[in-house]
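**Q** First the structure, which I've put down as structure tokens, then a few questions once you've had a look.
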Amino acid sequence: KQSSESFQTGSMLTSRFDMLAKYVVECLTKYGVCVIDNFLGDSKGTEVLEEVKRLQRKGLFTEGQLVNSTNSTSQNIRGDVLTWVDGSENGCCNTHFLISCMDDIILRCAGQLESYDIQERTKAMVACYPGNKTGYIKHVDNPNGDGRCVTCIYYLNKGWDVTKHGGMLRIYPEGQDLVANIEPTFDRVLYFWSDRRNPHEVRETIKERYAITIWYYDSKERRNALQNSRGKNLFFFRNLDGNIILNFCAKL
Ligand SMILES: COc1ccc2cc(-c3cnc(C(=O)NCC(=O)O)c(O)c3)ccc2c1
Ligand SMILES: [Mn+2]
């Protein structure tokens, strides 16, 4: 975990995002997972949280529900409600600022995250697990090469106590007998490889649990996925300098 002060290296002040990007490259390469705390600082982080709560009050969150239709019991696979923003919507300027910080760090990792060439991303998914004891069963974000290579989640939950509220994110890195328990605490950013290397679950939660997720695309894998997609549903995403491009959505 890296806190937020910038480093004095030699005579030159290393920009904070350069330092954070270096840390992301190091952790993702070594562990496939990376956690950064105090990402925006309390006041900015609180402004993002207030924006998210306003979106929710405006009723913009839709059911993220994936119900297990294979058997009769409507066992909930995923209990979150969500909305997609690109930050240009009015009243989302702090979310836009968060997204641009996440993009800035990924851009500074260019060419150092395995052989990925990251040019584009999804819009930001603003999700809330409503605290009705639902979570998200163990899953892989991108099991079938839909192009997504890095999952980036920003947590907004002040005073979160997993022993009382649940909602732990548990990652089971493939081929290792360790489990990464990530508490969804306020102003924390989590990066992890989106593919089968990182099966993960959201443990059931009994308190409202907010997170903003962006998935970054590897251009080659995404191009292949687009070529393989015949008439599948698309949804919008932006490339890193903000142009809206139609994009292939993984069949879920
Ligand atoms: C086609 O439309 C959609 C729309 C939204 C979708 C959202 C997810 C998703 C995936 N992972 C997580 C997760 O792992 N969260 C970890 C955490 O919150 O700590 C999560 O909350 C949500 C998957 C597929 C979707 C498809
Ligand atoms: Mn996931």
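Each chain in the structure tokens gets a letter, A, B, ..., in the order shown, and its residues are numbered from 1; ligands are numbered from 1 in order too.
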With a distance cut-off of 7 Å and only C-alpha atoms, select the neighbouring residues of Asp117 (chain A), excluding the residue or stretch itself and same-chain residues fewer than 2 positions from it, and output the selection as number ranges by chain.
**A** A: 111, 115, 119, 218-219
**Q** Filtering to N, CA, C and O atoms, could you give me those residues as an mmCIF file, in the first residue's frame?
**A**
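File written: out-v2.cif
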data_model
loop_
_atom_site.group_PDB
_atom_site.id
_atom_site.type_symbol
_atom_site.label_atom_id
_atom_site.label_comp_id
_atom_site.auth_asym_id
_atom_site.auth_seq_id
_atom_site.Cartn_x
_atom_site.Cartn_y
_atom_site.Cartn_z
ATOM 1 N N GLY A 111 3.253 0.666 -21.641
ATOM 2 C CA GLY A 111 4.363 -0.170 -22.091
ATOM 3 C C GLY A 111 5.021 -0.975 -20.990
ATOM 4 O O GLY A 111 5.913 -1.767 -21.236
ATOM 5 N N SER A 115 2.450 -7.131 -21.805
ATOM 6 C CA SER A 115 2.618 -6.651 -23.196
ATOM 7 C C SER A 115 1.359 -5.903 -23.629
ATOM 8 O O SER A 115 1.068 -5.755 -24.802
ATOM 9 N N GLN A 119 -5.193 1.656 -24.786
ATOM 10 C CA GLN A 119 -5.593 2.892 -25.463
ATOM 11 C C GLN A 119 -7.003 3.312 -25.062
ATOM 12 O O GLN A 119 -7.389 4.438 -25.255
ATOM 13 N N ASP A 218 -6.952 -3.820 -23.539
ATOM 14 C CA ASP A 218 -5.748 -4.037 -24.337
ATOM 15 C C ASP A 218 -6.191 -3.942 -25.795
ATOM 16 O O ASP A 218 -7.150 -4.610 -26.197
ATOM 17 N N SER A 219 -5.533 -3.098 -26.589
ATOM 18 C CA SER A 219 -6.062 -2.805 -27.934
ATOM 19 C C SER A 219 -6.091 -4.044 -28.822
ATOM 20 O O SER A 219 -7.060 -4.243 -29.557
#
**Q** As a list in words, please: the residues near Thr46 (chain A) (cut-off 12 Å, only C-alpha atoms, same-chain neighbours under 4 positions excluded).
**A**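 Contacts, with the query itself left out: Asn38, Phe39, Leu40, Gly41, Asp42, Glu50, Glu51, Val52, Lys53, Asn94, Thr95, Leu98, Tyr155, Leu156, Asn157, Lys158, Phe186 and Asp187 of chain A.
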**Q** Dump the neighbourhood of ligand 1 as a list in words: all residues within 6 Å, distances computed on only C-alpha atoms and all ligand atoms.
**A**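 Using only C-alpha atoms and all ligand atoms, I find these residues within 6 Å of ligand 1: Gly64, Asp141, Leu169, Glu201, Val202 and Ala211 of chain A.
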**Q** I'd like to know which residues of region 11-180 of chain A are helix (DSSP H, G or I) (by DSSP, run on the backbone); could you write them as an MDAnalysis selection string?
**A** chainID A and resid 16:31 42:57 93:108 162:165
**Q** Each residue of chain A lying at most 9 Å from ligand 2 should get a row with its shortest atom-to-atom pair and the distance in Å to one decimal, counting only C-alpha atoms and all ligand atoms; could you produce that, ordered by chain and increasing number, as CSV?
**A**
residue,atom,partner,partner_atom_place_in_ligand_line,distance
A:Tyr136,CA,ligand 2,1 (Mn),7.9
A:Lys138,CA,ligand 2,1 (Mn),8.3
A:His139,CA,ligand 2,1 (Mn),6.4
A:Val140,CA,ligand 2,1 (Mn),6.1
A:Asp141,CA,ligand 2,1 (Mn),4.8
A:Asn142,CA,ligand 2,1 (Mn),8.5
A:Thr151,CA,ligand 2,1 (Mn),7.9
A:Ser194,CA,ligand 2,1 (Mn),7.8
A:Asn198,CA,ligand 2,1 (Mn),9.0
A:Pro199,CA,ligand 2,1 (Mn),7.9
A:His200,CA,ligand 2,1 (Mn),6.4
A:Glu201,CA,ligand 2,1 (Mn),7.0
A:Val202,CA,ligand 2,1 (Mn),8.1
**Q** Which residues of region 34-60 of chain A come within 10 Å of region 77-85 of chain A, and what is each one's closest atom pair and distance in Å (one decimal), counting only C-alpha atoms, sorted by chain and residue number, as JSON lines?
**A**
{"residue": "A:Val52", "atom": "CA", "partner": "A:Thr83", "partner_atom": "CA", "distance": 9.8}
{"residue": "A:Leu55", "atom": "CA", "partner": "A:Thr83", "partner_atom": "CA", "distance": 8.5}
{"residue": "A:Gln56", "atom": "CA", "partner": "A:Leu82", "partner_atom": "CA", "distance": 8.8}
{"residue": "A:Gly59", "atom": "CA", "partner": "A:Thr83", "partner_atom": "CA", "distance": 9.7}
{"residue": "A:Leu60", "atom": "CA", "partner": "A:Thr83", "partner_atom": "CA", "distance": 6.4}
**Q** Restricting the calculation to only C-alpha atoms: of A:Arg108, A:Thr185, A:Ile171, A:Val179, which residue gets closest to Arg16 (chain A)?
**A** A:Arg108
**Q** I need the residue nearest Gly145 (chain A) from this list: A:Ile106, A:Leu226, A:Leu20, A:Ala180. Use only C-alpha atoms for the distance.
**A** A:Leu226
**Q** Rank nothing, just name the residue among A:Asn224, A:Leu113, A:Gly147, A:Glu208 nearest to Val33 (chain A), using only C-alpha atoms.
**A**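 Once distances to Val33 (chain A) are computed over only C-alpha atoms, the minimum belongs to A:Leu113.
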**Q** Would you please work out which residue, of A:Tyr31, A:Tyr116, A:Trp160, A:Phe192, is nearest to Ile206 (chain A) when using only C-alpha atoms?
**A**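 Between A:Tyr31, A:Tyr116, A:Trp160, A:Phe192, the residue approaching Ile206 (chain A) most closely is A:Trp160.
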**Q** Just how far from CA of Asp177 (chain A) is CA of Thr213 (chain A), in Å to one decimal?
**A**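 Separating CA of Thr213 (chain A) from CA of Asp177 (chain A) is a distance of 26.4 Å.
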**Q** Which is closer to Asp103 (chain A) than all the others in A:Tyr23, A:Tyr216, A:Trp193, A:Phe61, using only C-alpha atoms?
**A**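 Closest to Asp103 (chain A) of all the choices is A:Tyr216.
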**Q** In Å to one decimal, how far is CA of Cys109 (chain A) from CA of Lys220 (chain A)?
**A** 17.2 Å
